[in-house]
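Peer 1: This is the content of protein.cif (mmCIF, C-alpha atoms and all ligand atoms):
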data_structure
loop_
_atom_site.label_atom_id
_atom_site.label_comp_id
_atom_site.auth_asym_id
_atom_site.auth_seq_id
_atom_site.Cartn_x
_atom_site.Cartn_y
_atom_site.Cartn_z
CA MET C 1 -30.30 2.41 10.61
CA LYS C 2 -27.89 5.22 9.84
CA LYS C 3 -26.22 5.11 6.44
CA PHE C 4 -22.51 4.24 6.41
CA ILE C 5 -20.27 5.64 3.68
CA PRO C 6 -16.95 3.72 3.61
CA ILE C 7 -13.59 5.27 2.66
CA ALA C 8 -13.05 2.62 -0.05
CA TYR C 9 -15.09 -0.11 -1.72
CA PRO C 10 -14.12 -2.48 -4.56
CA ASP C 11 -16.14 -3.16 -7.70
CA LEU C 12 -16.11 -6.92 -8.37
CA THR C 13 -19.01 -6.98 -10.83
CA GLY C 14 -17.02 -7.78 -13.99
CA ASN C 15 -15.65 -11.17 -15.09
CA GLU C 16 -14.22 -12.00 -11.63
CA ASN C 17 -16.82 -14.68 -10.97
CA ILE C 18 -16.50 -16.38 -14.36
CA TYR C 19 -12.69 -16.41 -14.31
CA LEU C 20 -12.51 -17.63 -10.70
CA ASN C 21 -14.82 -20.51 -11.52
CA ARG C 22 -12.70 -21.45 -14.51
CA VAL C 23 -9.64 -21.58 -12.26
CA LEU C 24 -11.45 -23.74 -9.71
CA LYS C 25 -12.62 -26.14 -12.42
CA SER C 26 -9.11 -26.35 -13.87
CA SER C 27 -7.60 -27.08 -10.41
CA TRP C 28 -4.70 -24.69 -11.21
CA ILE C 29 -5.28 -22.74 -8.00
CA SER C 30 -1.67 -22.20 -6.96
CA SER C 31 1.11 -20.13 -8.48
CA GLN C 32 1.04 -21.44 -12.06
CA GLY C 33 -1.66 -20.98 -14.64
CA GLU C 34 -2.97 -19.06 -17.61
CA TYR C 35 -4.41 -16.12 -15.64
CA LEU C 36 -1.00 -15.32 -14.13
CA ILE C 37 0.49 -15.17 -17.63
CA LYS C 38 -2.40 -13.08 -19.02
CA PHE C 39 -2.51 -10.71 -16.05
CA GLU C 40 1.23 -9.98 -16.38
CA GLN C 41 1.00 -9.48 -20.16
CA LYS C 42 -2.04 -7.19 -20.00
CA PHE C 43 -0.63 -5.20 -17.09
CA ALA C 44 2.68 -4.60 -18.91
CA GLU C 45 0.65 -3.47 -21.93
CA PHE C 46 -1.46 -1.13 -19.79
CA ILE C 47 1.58 0.48 -18.15
CA GLY C 48 3.54 0.62 -21.38
CA CYS C 49 6.59 -1.43 -20.44
CA ARG C 50 8.12 -4.73 -21.57
CA TYR C 51 7.85 -6.92 -18.47
CA ALA C 52 5.52 -7.28 -15.51
CA VAL C 53 6.14 -9.71 -12.64
CA THR C 54 3.30 -10.57 -10.22
CA THR C 55 4.02 -10.73 -6.48
CA SER C 56 2.09 -11.69 -3.36
CA ASN C 57 1.51 -8.03 -2.41
CA GLY C 58 2.82 -4.49 -2.94
CA THR C 59 5.31 -4.71 -0.10
CA THR C 60 6.92 -7.86 -1.52
CA ALA C 61 6.95 -6.16 -4.95
CA LEU C 62 9.10 -3.39 -3.43
CA HIS C 63 11.38 -5.82 -1.57
CA LEU C 64 11.79 -8.05 -4.64
CA ALA C 65 12.62 -5.05 -6.87
CA LEU C 66 15.17 -3.60 -4.42
CA THR C 67 16.82 -7.02 -3.94
CA ALA C 68 16.99 -7.65 -7.69
CA LEU C 69 18.58 -4.22 -8.16
CA GLY C 70 21.30 -5.32 -5.73
CA ILE C 71 20.40 -2.89 -2.93
CA GLY C 72 21.83 -4.18 0.34
CA LYS C 73 23.96 -3.58 3.40
CA GLY C 74 25.79 -0.25 3.45
CA ASP C 75 23.55 1.26 0.76
CA GLU C 76 21.26 4.25 1.22
CA VAL C 77 17.91 4.76 -0.50
CA ILE C 78 16.19 8.14 -0.48
CA VAL C 79 12.47 7.83 0.31
CA PRO C 80 9.78 10.40 1.14
CA ASP C 81 9.05 10.95 4.84
CA LEU C 82 5.34 11.07 3.99
CA THR C 83 4.37 7.64 2.65
CA PHE C 84 2.82 4.37 3.69
CA ILE C 85 5.31 2.54 5.92
CA ALA C 86 5.80 -0.33 3.43
CA SER C 87 7.93 1.91 1.17
CA VAL C 88 10.42 2.41 4.00
CA ASN C 89 10.29 -1.08 5.52
CA ALA C 90 11.09 -2.69 2.15
CA ILE C 91 14.43 -0.79 2.18
CA THR C 92 15.13 -1.93 5.75
CA TYR C 93 14.38 -5.58 4.81
CA CYS C 94 17.34 -5.39 2.35
CA GLY C 95 19.71 -4.31 5.11
CA ALA C 96 19.97 -0.89 3.44
CA ARG C 97 19.31 2.45 5.15
CA PRO C 98 16.20 4.47 4.27
CA VAL C 99 17.11 8.17 4.09
CA LEU C 100 13.97 10.17 4.79
CA CYS C 101 13.33 13.19 2.59
CA ASP C 102 10.80 15.99 3.04
CA VAL C 103 8.03 16.52 0.49
CA ASN C 104 6.71 19.59 -1.32
CA ARG C 105 3.85 21.26 0.57
CA GLN C 106 1.71 21.84 -2.55
CA SER C 107 2.16 18.54 -4.42
CA TRP C 108 2.71 16.35 -1.29
CA GLN C 109 5.45 14.54 -3.30
CA LEU C 110 9.26 14.22 -2.94
CA ASP C 111 10.98 17.60 -3.19
CA PRO C 112 13.84 17.33 -5.74
CA LYS C 113 15.85 20.09 -3.97
CA GLU C 114 15.72 18.06 -0.75
CA ILE C 115 16.75 14.87 -2.60
CA ILE C 116 19.99 16.48 -3.82
CA LYS C 117 20.96 17.52 -0.27
CA ARG C 118 20.83 13.88 0.83
CA ILE C 119 22.96 12.31 -1.90
CA ASN C 120 26.38 10.95 -0.86
CA SER C 121 28.72 8.12 -1.88
CA ARG C 122 26.48 5.50 -0.21
CA THR C 123 23.31 6.61 -2.04
CA LYS C 124 22.22 3.88 -4.46
CA ALA C 125 18.59 4.67 -5.27
CA ILE C 126 15.62 6.99 -5.00
CA MET C 127 12.21 5.58 -4.17
CA ALA C 128 9.70 7.87 -5.88
CA VAL C 129 6.31 7.34 -4.26
CA HIS C 130 3.25 8.65 -6.13
CA LEU C 131 1.30 9.54 -3.01
CA TYR C 132 -2.51 9.50 -3.15
CA GLY C 133 -2.38 8.99 -6.93
CA ILE C 134 -0.40 12.17 -7.66
CA PRO C 135 2.74 11.52 -9.74
CA ALA C 136 6.05 12.48 -8.15
CA ASN C 137 8.18 14.97 -10.11
CA LEU C 138 9.74 12.16 -12.17
CA ASP C 139 11.14 14.46 -14.86
CA GLN C 140 13.48 16.08 -12.32
CA ILE C 141 14.00 12.90 -10.31
CA MET C 142 15.20 11.03 -13.43
CA ASP C 143 17.59 13.90 -14.23
CA ILE C 144 19.04 13.71 -10.71
CA ALA C 145 19.27 9.90 -10.93
CA ASN C 146 21.11 10.08 -14.27
CA LYS C 147 23.48 12.75 -13.00
CA TYR C 148 24.42 10.80 -9.83
CA ASN C 149 24.05 7.31 -11.35
CA LEU C 150 21.21 6.19 -9.06
CA GLN C 151 18.43 3.64 -9.55
CA VAL C 152 14.84 4.84 -9.43
CA ILE C 153 12.17 2.62 -7.88
CA GLU C 154 8.67 3.95 -8.43
CA ASP C 155 6.25 3.08 -5.64
CA ALA C 156 3.09 3.33 -7.73
CA ALA C 157 0.95 1.35 -5.27
CA GLU C 158 -1.62 4.18 -5.20
CA ALA C 159 -1.34 5.44 -8.78
CA HIS C 160 -2.27 2.81 -11.43
CA GLY C 161 -2.85 4.77 -14.65
CA ALA C 162 -1.49 8.17 -13.54
CA LEU C 163 0.54 10.01 -16.19
CA VAL C 164 3.65 12.19 -16.12
CA LYS C 165 5.28 14.25 -18.82
CA ILE C 166 8.92 13.25 -19.37
CA LYS C 167 10.79 15.32 -21.95
CA SER C 168 7.49 16.31 -23.63
CA LEU C 169 6.19 12.69 -23.73
CA TRP C 170 3.28 11.50 -21.57
CA LYS C 171 4.11 8.22 -19.79
CA LYS C 172 2.31 6.07 -17.24
CA VAL C 173 3.86 5.97 -13.80
CA GLY C 174 5.66 2.67 -13.32
CA SER C 175 7.20 2.88 -16.79
CA VAL C 176 9.66 5.71 -16.13
CA GLY C 177 12.01 4.51 -13.36
CA HIS C 178 14.16 1.36 -13.51
CA VAL C 179 11.26 -0.49 -11.85
CA GLY C 180 7.67 0.31 -10.93
CA CYS C 181 5.88 -1.36 -8.02
CA PHE C 182 2.11 -1.73 -7.68
CA SER C 183 -0.29 -3.01 -5.02
CA PHE C 184 -3.62 -4.77 -5.53
CA TYR C 185 -4.76 -4.57 -1.91
CA GLY C 186 -8.54 -4.39 -1.39
CA ASN C 187 -8.71 -0.59 -1.27
CA LYS C 188 -6.38 0.13 -4.21
CA ILE C 189 -7.43 1.24 -7.72
CA ILE C 190 -7.68 -2.38 -8.84
CA THR C 191 -7.54 -5.31 -6.44
CA THR C 192 -6.78 -9.02 -6.20
CA GLY C 193 -7.53 -9.14 -2.45
CA GLU C 194 -3.80 -9.15 -1.74
CA GLY C 195 -1.35 -8.84 -4.61
CA GLY C 196 1.36 -6.84 -6.30
CA MET C 197 3.33 -6.32 -9.52
CA VAL C 198 6.75 -5.08 -10.57
CA THR C 199 7.10 -3.48 -14.01
CA THR C 200 10.34 -2.93 -15.93
CA ASP C 201 11.86 -2.70 -19.41
CA ALA C 202 15.01 -4.56 -18.35
CA LYS C 203 14.91 -8.23 -19.36
CA GLN C 204 17.72 -9.37 -17.03
CA LEU C 205 16.07 -7.65 -14.09
CA ALA C 206 12.69 -9.24 -14.82
CA MET C 207 14.34 -12.68 -15.04
CA ARG C 208 16.20 -12.12 -11.77
CA MET C 209 12.93 -11.13 -10.08
CA ARG C 210 11.19 -14.29 -11.34
CA VAL C 211 13.99 -16.43 -9.89
CA LEU C 212 14.09 -14.56 -6.54
CA ARG C 213 10.28 -14.70 -6.30
CA ASP C 214 10.49 -18.50 -6.47
CA HIS C 215 13.03 -19.31 -3.70
CA GLY C 216 15.96 -18.39 -5.94
CA GLN C 217 15.58 -21.66 -7.84
CA LYS C 218 17.52 -21.87 -11.08
CA PRO C 219 15.14 -22.17 -14.05
CA GLY C 220 15.28 -25.72 -15.44
CA ARG C 221 17.16 -27.13 -12.43
CA ARG C 222 14.72 -28.31 -9.76
CA TYR C 223 15.72 -27.64 -6.12
CA TYR C 224 18.98 -25.98 -7.10
CA HIS C 225 19.05 -22.57 -5.37
CA PRO C 226 22.07 -20.42 -6.27
CA PHE C 227 20.54 -17.41 -4.41
CA ILE C 228 18.59 -16.85 -1.23
CA GLY C 229 15.15 -16.13 -2.65
CA PHE C 230 11.65 -15.76 -1.30
CA ASN C 231 8.17 -17.14 -1.82
CA TYR C 232 6.56 -13.96 -3.12
CA ARG C 233 4.27 -15.59 -5.69
CA LEU C 234 0.72 -14.56 -6.58
CA THR C 235 -1.85 -17.33 -7.13
CA ASN C 236 -3.75 -18.08 -10.33
CA LEU C 237 -6.95 -17.44 -8.31
CA GLN C 238 -5.80 -13.91 -7.50
CA ALA C 239 -4.61 -13.33 -11.07
CA ALA C 240 -8.09 -14.34 -12.34
CA ILE C 241 -9.56 -11.53 -10.23
CA GLY C 242 -6.75 -9.22 -11.36
CA LEU C 243 -7.38 -9.80 -15.05
CA ALA C 244 -11.11 -9.13 -14.62
CA GLN C 245 -10.26 -5.92 -12.70
CA LEU C 246 -7.77 -4.81 -15.33
CA GLU C 247 -10.40 -5.25 -18.08
CA LYS C 248 -12.41 -2.53 -16.34
CA ILE C 249 -9.60 -0.19 -15.29
CA HIS C 250 -10.49 2.50 -17.83
CA SER C 251 -14.05 2.71 -16.53
CA PHE C 252 -12.75 2.63 -12.93
CA LEU C 253 -10.42 5.55 -13.65
CA LYS C 254 -13.25 7.46 -15.34
CA PHE C 255 -15.42 6.85 -12.27
CA LYS C 256 -12.66 8.13 -9.99
CA SER C 257 -12.01 11.17 -12.14
CA ARG C 258 -15.74 12.13 -12.08
CA LEU C 259 -15.74 11.61 -8.32
CA ALA C 260 -12.76 13.97 -7.95
CA SER C 261 -14.34 16.63 -10.21
CA LEU C 262 -17.54 16.57 -8.15
CA TYR C 263 -15.62 16.92 -4.87
CA ASN C 264 -13.48 19.69 -6.41
CA ARG C 265 -16.54 21.59 -7.61
CA TYR C 266 -17.99 21.68 -4.07
CA LEU C 267 -14.79 22.15 -2.11
CA GLU C 268 -12.27 24.14 -4.16
CA ASN C 269 -13.69 27.53 -3.21
CA THR C 270 -14.18 26.69 0.45
CA PRO C 271 -11.84 28.90 2.53
CA GLY C 272 -9.23 26.75 4.29
CA ILE C 273 -9.81 23.64 2.15
CA ILE C 274 -6.72 23.15 0.01
CA ILE C 275 -6.47 20.81 -2.98
CA PRO C 276 -3.03 19.50 -4.06
CA LYS C 277 -1.31 20.90 -7.14
CA THR C 278 1.90 20.24 -9.03
CA ASP C 279 4.12 22.85 -10.70
CA TYR C 280 5.10 20.17 -13.26
CA GLU C 281 2.89 18.50 -15.83
CA ALA C 282 1.09 15.47 -14.42
CA LYS C 283 -2.28 13.75 -14.72
CA PRO C 284 -3.05 12.26 -11.30
CA VAL C 285 -5.55 9.51 -10.63
CA CYS C 286 -7.85 9.76 -7.64
CA TRP C 287 -6.96 6.90 -5.29
CA LEU C 288 -8.44 8.47 -2.16
CA TYR C 289 -9.82 11.98 -2.64
CA SER C 290 -7.68 14.05 -0.28
CA VAL C 291 -7.55 17.64 0.97
CA ILE C 292 -5.71 19.81 3.47
CA ILE C 293 -7.78 21.57 6.15
CA ASP C 294 -6.28 24.74 7.65
CA ASP C 295 -7.15 28.33 8.70
CA PRO C 296 -9.51 30.02 8.05
CA TYR C 297 -11.61 26.84 8.03
CA PRO C 298 -13.30 26.88 11.47
CA LEU C 299 -12.65 23.22 12.45
CA THR C 300 -9.39 21.28 12.75
CA ARG C 301 -8.82 18.16 10.66
CA ASP C 302 -9.58 15.97 13.70
CA GLU C 303 -12.80 17.87 14.40
CA VAL C 304 -13.89 17.38 10.78
CA MET C 305 -13.18 13.65 11.08
CA GLU C 306 -15.26 13.47 14.28
CA LYS C 307 -18.16 15.38 12.73
CA LEU C 308 -18.19 13.21 9.59
CA LYS C 309 -17.93 10.04 11.68
CA ASN C 310 -21.10 11.05 13.54
CA LYS C 311 -22.84 11.36 10.17
CA GLY C 312 -21.77 7.84 9.17
CA ILE C 313 -18.97 9.05 6.87
CA GLU C 314 -15.67 7.17 7.15
CA THR C 315 -12.48 9.23 6.67
CA ARG C 316 -8.75 8.74 7.25
CA PRO C 317 -5.98 11.06 8.38
CA PHE C 318 -2.84 11.25 6.21
CA PHE C 319 -0.08 8.70 6.84
CA PHE C 320 2.00 9.23 9.99
CA PRO C 321 5.29 10.85 8.93
CA VAL C 322 7.98 8.18 9.12
CA ASN C 323 10.36 10.46 11.12
CA LEU C 324 7.89 10.37 14.02
CA LEU C 325 7.57 6.56 14.13
CA PRO C 326 9.61 4.71 16.81
CA PRO C 327 11.75 2.52 14.49
CA TYR C 328 12.73 5.50 12.31
CA LYS C 329 12.77 8.38 14.83
CA SER C 330 14.84 11.25 13.47
CA SER C 331 16.07 14.54 14.90
CA GLN C 332 16.03 16.13 11.44
CA LYS C 333 13.26 18.54 10.53
CA PHE C 334 10.49 17.61 8.12
CA PRO C 335 8.26 20.69 8.23
CA ASN C 336 6.14 19.85 5.19
CA SER C 337 5.41 16.20 5.85
CA ASN C 338 4.68 16.99 9.52
CA TYR C 339 2.34 19.83 8.42
CA LEU C 340 0.55 17.64 5.86
CA PHE C 341 0.12 14.88 8.44
CA GLN C 342 -1.55 17.33 10.86
CA HIS C 343 -3.90 18.77 8.24
CA GLY C 344 -4.49 16.07 5.60
CA LEU C 345 -7.77 14.20 5.24
CA ASN C 346 -8.87 11.34 2.93
CA LEU C 347 -12.56 11.35 2.03
CA PRO C 348 -14.75 8.43 0.82
CA SER C 349 -13.70 7.34 -2.68
CA GLY C 350 -15.18 3.85 -3.10
CA TYR C 351 -16.66 2.42 -6.28
CA ASN C 352 -20.09 2.42 -4.57
CA LEU C 353 -20.06 6.19 -3.86
CA THR C 354 -22.98 8.10 -5.44
CA PRO C 355 -23.06 11.77 -6.56
CA GLY C 356 -25.75 12.31 -3.92
CA GLU C 357 -23.40 11.03 -1.22
CA ILE C 358 -20.61 13.34 -2.42
CA THR C 359 -23.03 16.27 -2.19
CA PHE C 360 -24.02 15.15 1.32
CA ILE C 361 -20.37 14.84 2.46
CA CYS C 362 -19.45 18.24 1.02
CA GLN C 363 -22.52 19.87 2.60
CA GLN C 364 -21.32 18.65 6.02
CA ILE C 365 -17.97 20.32 5.36
CA ARG C 366 -19.37 23.55 3.87
CA ASP C 367 -22.06 24.00 6.56
CA GLU C 368 -19.39 25.06 9.06
CA ILE C 369 -18.50 28.13 6.98
CA LYS C 370 -21.96 29.69 7.24
CA ASN C 371 -22.37 29.02 10.97
C1 LIG C 401 -0.52 -0.05 -0.29
C2 LIG C 401 0.83 0.50 -0.39
C3 LIG C 401 1.98 -0.32 -0.35
C4 LIG C 401 1.97 -1.76 0.02
O1 LIG C 401 1.10 -2.55 -0.64
P1 LIG C 401 0.52 -3.89 0.03
O2 LIG C 401 -0.11 -4.58 -1.13
O3 LIG C 401 -0.48 -3.46 1.07
O4 LIG C 401 1.64 -4.65 0.61
C5 LIG C 401 3.21 0.27 -0.57
N1 LIG C 401 3.34 1.59 -0.77
C6 LIG C 401 2.28 2.41 -0.77
C7 LIG C 401 2.51 3.86 -1.02
C8 LIG C 401 1.00 1.90 -0.56
O5 LIG C 401 -0.05 2.73 -0.54
#
Starting from the file, lay out its structure as structure tokens.
Peer 2:
Amino acid sequence: MKKFIPIAYPDLTGNENIYLNRVLKSSWISSQGEYLIKFEQKFAEFIGCRYAVTTSNGTTALHLALTALGIGKGDEVIVPDLTFIASVNAITYCGARPVLCDVNRQSWQLDPKEIIKRINSRTKAIMAVHLYGIPANLDQIMDIANKYNLQVIEDAAEAHGALVKIKSLWKKVGSVGHVGCFSFYGNKIITTGEGGMVTTDAKQLAMRMRVLRDHGQKPGRRYYHPFIGFNYRLTNLQAAIGLAQLEKIHSFLKFKSRLASLYNRYLENTPGIIIPKTDYEAKPVCWLYSVIIDDPYPLTRDEVMEKLKNKGIETRPFFFPVNLLPPYKSSQKFPNSNYLFQHGLNLPSGYNLTPGEITFICQQIRDEIKN
């Protein structure tokens, strides 16, 4: 049988089993329990912020955060055109308008110059996505937000543990904006199967999110709902997995960083294979190892995908630019996100990937140069 190398693969070999069994024995399997409390505390500690609020997934984390910030009808939120669709849909769910913004061609992240062009009296917030684990230019984005009095929502669903330098201080993404949103989907840096988290330093905001997450019920007054809330709760079962994952996040990030160095070593001098870079100080994490494929490389991105597929190697193209999707079709020009979509490729980055497999994958890519 031919070997199959998946794009992503979780590592569940820590305390997941022990903690899950404790939850089952305790019968606290729903949305209350000690693992929820511990997971939130430890995650806030890891990110370096005061409060962390678990949610049922990363999309509900974004929707909960936007709602708690008061984003609604008539408001505009600036969001990158190149992102996973959940970033944009969460804005639409609030009745607000997502304003698509082009990205920088080298960093793949929001372009601060393009942000400024889109600010008007209806603009309420900027959603800074840290795409493929690379921090957005938060130093400049925070300056813009302060100048125009805007909220900053960090979509850090792909960037747990990435660092940015803000006014000469290194900070984890998710601790810089007014809120940070994370996903624990199965292919993310740590997973709970499905799950999410919102991080913030603002006590009132954290309290509002806890109320909205639980049907808007007033704390201490059963079945009294002063707001229209949601059921966006995580379960104690999922939090048990999350805590076990979080205990190993430093070794996971080390694994990912070695994986990226190995790929870089083989690919960075291959003509037409382009690795992302930022002109601001940032320490990315490797969610999915990603490159751009362009001239003079002899194959197109799609041809590379086809070749690798035939060798049992799973890959993904970059996200579809939002401006080209039917619900968000736009006549504006997004040259960089459209370019990156055409040329961007995600390579296998799972926790089961071996150095030998990375060599094998890179050989398949480099072989074309000699031919
Ligand atoms: C995964 C992801 C989300 C959504 O997370 P889910 O847990 O799948 O709902 C949001 N934004 C980005 C950038 C993501 O990659």
Peer 1: Find the residues near Asn346 of chain C: any atom within 12 Å, counting only C-alpha atoms, skip ones fewer than 3 places away on the same chain, and give them as an NGL selection string.
Peer 2: :C and (6-8 or 131-132 or 260 or 263 or 275 or 286-293 or 301-302 or 304-305 or 308 or 313-319 or 340-341 or 343 or 349-350)
Peer 1: Save the residues we just selected, C-alpha atoms, as a PDB file, in the frame of the given file?
Peer 2:
ATOM      1  CA  PRO C   6     -16.950   3.720   3.610  1.00  0.00           C
ATOM      2  CA  ILE C   7     -13.590   5.270   2.660  1.00  0.00           C
ATOM      3  CA  ALA C   8     -13.050   2.620  -0.050  1.00  0.00           C
ATOM      4  CA  LEU C 131       1.300   9.540  -3.010  1.00  0.00           C
ATOM      5  CA  TYR C 132      -2.510   9.500  -3.150  1.00  0.00           C
ATOM      6  CA  ALA C 260     -12.760  13.970  -7.950  1.00  0.00           C
ATOM      7  CA  TYR C 263     -15.620  16.920  -4.870  1.00  0.00           C
ATOM      8  CA  ILE C 275      -6.470  20.810  -2.980  1.00  0.00           C
ATOM      9  CA  CYS C 286      -7.850   9.760  -7.640  1.00  0.00           C
ATOM     10  CA  TRP C 287      -6.960   6.900  -5.290  1.00  0.00           C
ATOM     11  CA  LEU C 288      -8.440   8.470  -2.160  1.00  0.00           C
ATOM     12  CA  TYR C 289      -9.820  11.980  -2.640  1.00  0.00           C
ATOM     13  CA  SER C 290      -7.680  14.050  -0.280  1.00  0.00           C
ATOM     14  CA  VAL C 291      -7.550  17.640   0.970  1.00  0.00           C
ATOM     15  CA  ILE C 292      -5.710  19.810   3.470  1.00  0.00           C
ATOM     16  CA  ILE C 293      -7.780  21.570   6.150  1.00  0.00           C
ATOM     17  CA  ARG C 301      -8.820  18.160  10.660  1.00  0.00           C
ATOM     18  CA  ASP C 302      -9.580  15.970  13.700  1.00  0.00           C
ATOM     19  CA  VAL C 304     -13.890  17.380  10.780  1.00  0.00           C
ATOM     20  CA  MET C 305     -13.180  13.650  11.080  1.00  0.00           C
ATOM     21  CA  LEU C 308     -18.190  13.210   9.590  1.00  0.00           C
ATOM     22  CA  ILE C 313     -18.970   9.050   6.870  1.00  0.00           C
ATOM     23  CA  GLU C 314     -15.670   7.170   7.150  1.00  0.00           C
ATOM     24  CA  THR C 315     -12.480   9.230   6.670  1.00  0.00           C
ATOM     25  CA  ARG C 316      -8.750   8.740   7.250  1.00  0.00           C
ATOM     26  CA  PRO C 317      -5.980  11.060   8.380  1.00  0.00           C
ATOM     27  CA  PHE C 318      -2.840  11.250   6.210  1.00  0.00           C
ATOM     28  CA  PHE C 319      -0.080   8.700   6.840  1.00  0.00           C
ATOM     29  CA  LEU C 340       0.550  17.640   5.860  1.00  0.00           C
ATOM     30  CA  PHE C 341       0.120  14.880   8.440  1.00  0.00           C
ATOM     31  CA  HIS C 343      -3.900  18.770   8.240  1.00  0.00           C
ATOM     32  CA  SER C 349     -13.700   7.340  -2.680  1.00  0.00           C
ATOM     33  CA  GLY C 350     -15.180   3.850  -3.100  1.00  0.00           C
TER      34      GLY C 350
END
Peer 1: Would you please work out which residue, of C:Leu24, C:Leu169, C:Leu163, C:Ile189, is nearest to ligand LIG 401 (chain C) when using only C-alpha atoms and all ligand atoms?
Peer 2: C:Ile189
Peer 1: Can you work out which one of C:Leu262, C:Val103, C:Ile228, C:Ile18 has the shortest atom-to-atom distance to Asp214 of chain C, counting all atoms listed in the file?
Peer 2: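 Checking each of C:Leu262, C:Val103, C:Ile228, C:Ile18 against Asp214 of chain C, counting all atoms listed in the file, the winner is C:Ile228.
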Peer 1: May I have the residues within 9 Å of ligand LIG 401 (chain C), computed using only C-alpha atoms and all ligand atoms, as a PyMOL selection string?
Peer 2: chain C and resi 56-62+83-88+90+129-132+155-159+181-188+193-196
Peer 1: Counting all atoms listed in the file, figure out which residue out of C:Cys94, C:Ala244, C:Leu82, C:Val198 gets nearest to Leu325 of chain C.
Peer 2: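 The shortest atom-to-atom distance to Leu325 of chain C comes from C:Leu82.
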Peer 1: Nearest residue to Ala240 of chain C out of C:Pro327, C:Pro112, C:Gly33, C:Gly95, using only C-alpha atoms?
Peer 2: C:Gly33
Peer 1: I'd like the neighbourhood of Glu16 of chain C as a count of residues only, where a residue qualifies if any of its atoms comes within 12 Å (using all atoms listed in the file), though same-chain residues fewer than 5 positions away should be ignored.
Peer 2: 22
Peer 1: When you draw a straight line from atom CA of Arg105 of chain C to atom CA of Val79 of chain C, how long is it in Å?
Peer 2: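 One can read the atom CA of Arg105 of chain C to atom CA of Val79 of chain C distance as 16.0 Å.
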Peer 1: Using only C-alpha atoms, can you tell me which of C:Lys73, C:His63, C:Lys333, C:Lys3 comes closest to Asn89 of chain C?
Peer 2: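 Closest to Asn89 of chain C of all the choices is C:His63.
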Peer 1: Looking at all atoms listed in the file, which of C:Thr13, C:Asn149, C:Asn264, C:Thr270 is the one that sits closest to Asp367 of chain C?
Peer 2: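 Among C:Thr13, C:Asn149, C:Asn264, C:Thr270, it is C:Thr270 that comes nearest to Asp367 of chain C.
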Peer 1: Any idea what the distance is between atom CA of Pro335 of chain C and atom CA of Lys147 of chain C?
Peer 2: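 One can read the atom CA of Pro335 of chain C to atom CA of Lys147 of chain C distance as 27.3 Å.
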Peer 1: May I ask for the distance between atom CA of Gly48 of chain C and atom CA of Tyr148 of chain C, given in Å to one decimal place?
Peer 2: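 Between these atoms lies a distance of 25.9 Å.
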Peer 1: Need to verify the contact set: Lys311 of chain C, 12 Å, only C-alpha atoms, exclusion of same-chain residues closer than 5 positions in sequence. Can you return it as a ChimeraX atom specification?
Peer 2: /C:1-6,304-306,357,360-365
Peer 1: From (2.1, -11.2, -13.4), in the file's coordinates, out to 7 Å: which residues are reached, counting only C-alpha atoms? Answer as a ChimeraX atom specification.
Peer 2: /C:36-37,39-40,52-54,197
Peer 1: Those selected residues, please, written with C-alpha atoms and delivered as a PDB file, in the frame of the given file.
Peer 2:
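Here's the written file out_34.pdb:
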ATOM      1  CA  LEU C  36      -1.000 -15.320 -14.130  1.00  0.00           C
ATOM      2  CA  ILE C  37       0.490 -15.170 -17.630  1.00  0.00           C
ATOM      3  CA  PHE C  39      -2.510 -10.710 -16.050  1.00  0.00           C
ATOM      4  CA  GLU C  40       1.230  -9.980 -16.380  1.00  0.00           C
ATOM      5  CA  ALA C  52       5.520  -7.280 -15.510  1.00  0.00           C
ATOM      6  CA  VAL C  53       6.140  -9.710 -12.640  1.00  0.00           C
ATOM      7  CA  THR C  54       3.300 -10.570 -10.220  1.00  0.00           C
ATOM      8  CA  MET C 197       3.330  -6.320  -9.520  1.00  0.00           C
TER       9      MET C 197
END
Peer 1: Fewer than 6 positions away in the same chain doesn't count, so skip those; otherwise give me all residues within 8 Å of Gln106 of chain C, counting all atoms listed in the file, as a ChimeraX atom specification.
Peer 2: /C:276-278
Peer 1: Contacts of Pro355 of chain C at 8 Å or less, counting only C-alpha atoms, minus same-chain residues fewer than 3 places along, as a PyMOL selection string?
Peer 2: chain C and resi 259+262+358-359
